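Down below is the structure, laid out as structure tokens.
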Amino acid sequence: MQGFKRKLVYACAFELLAIGFTTFGLAVIAGHDSGHSTAAAVASSTIAFIWNFIFNGLFERWEARQAKRGRSAGRRIAHALGFEGGLVLMLVPLFAWWLDIGLWDAFVLDIGLIVFFMVYTYLFNLLFDKIFGLPSSAMPVA
């Protein structure tokens, strides 16, 4: 599976699971009520869904220009860090506003989610590539 269809399946599967994990994390671990937690999870997943298309498009464009093809552990780590780093810049202000806390408190709250989602992103990508194969940008040149 390649192109837009691959990106759509990837993003939908990733974000549906992410909503569940984020709701759980904000409600149970951080102690916020489930209504606020679910709304924050859906909002953050919507932002992440859009960012996913943008970031993966840019990443695959960069990846296609690399001499060495494939997805090494280093390339997967770079992908996870880049994706999550961009997301942090967008989500910390959202969490601060929605949960009525300061930016620093929102960042501290987000640290647990950041660490979890970096690992989740890495493992999700690994599993997704095993199930659906590598994108054309990572395949060897014929």
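Convention: chains lettered A, B, ... in structure tokens order; per-chain residue numbering from 1; ligands numbered from 1 as shown.
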Non-local contacts of Leu87 of chain A (8 Å; only C-alpha atoms; under 3 positions in same chain excluded) as a list in words: Ala48, Trp51, Phe83, Glu84, Met90 and Leu91 of chain A
Mind dumping the selected residues with C-alpha atoms as a PDB file, in the first residue's frame?
```pdb
ATOM      1  CA  ALA A  48      -1.820  15.212  15.425  1.00  0.00           C
ATOM      2  CA  TRP A  51       0.470  17.114  11.590  1.00  0.00           C
ATOM      3  CA  PHE A  83       7.051  14.006  14.846  1.00  0.00           C
ATOM      4  CA  GLU A  84       6.680  14.224  18.616  1.00  0.00           C
ATOM      5  CA  MET A  90       1.368  22.599  19.263  1.00  0.00           C
ATOM      6  CA  LEU A  91      -0.142  20.632  22.159  1.00  0.00           C
TER       7      LEU A  91
END
```
Spatial neighbours of segment 121-130 of chain A, 7 Å, only C-alpha atoms, chain gap at least 4 places, as a PyMOL selection string: chain A and resi 76-77+80+117+134
Selected residue of minimal separation from Thr22 of chain A among A:Val92, A:Leu113, A:Ile131, A:Met139, counting only C-alpha atoms: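 Closest to Thr22 of chain A, using only C-alpha atoms: A:Leu113.
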Residue contacts of segment 7-13 of chain A (8 Å, only C-alpha atoms) excluding same-chain residues fewer than 2 positions away, as an MDAnalysis selection string: chainID A and resid 2:5 15:17 49 52:53 56 128
Between atom CA of Leu81 of chain A and atom CA of Asp33 of chain A - distance in Å to one decimal: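 Distance reported for this atom pair: 29.5 Å.
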Helix (DSSP H, G or I) residues, from DSSP on the backbone, in segment 3-142 of chain A, as a PyMOL selection string: chain A and resi 3-29+34-64+73-98+103-132+136-138
Non-local contacts of Ser136 of chain A (10 Å; only C-alpha atoms; under 5 positions in same chain excluded) as a PyMOL selection string: chain A and resi 1-3+60+63-64+69-70+141
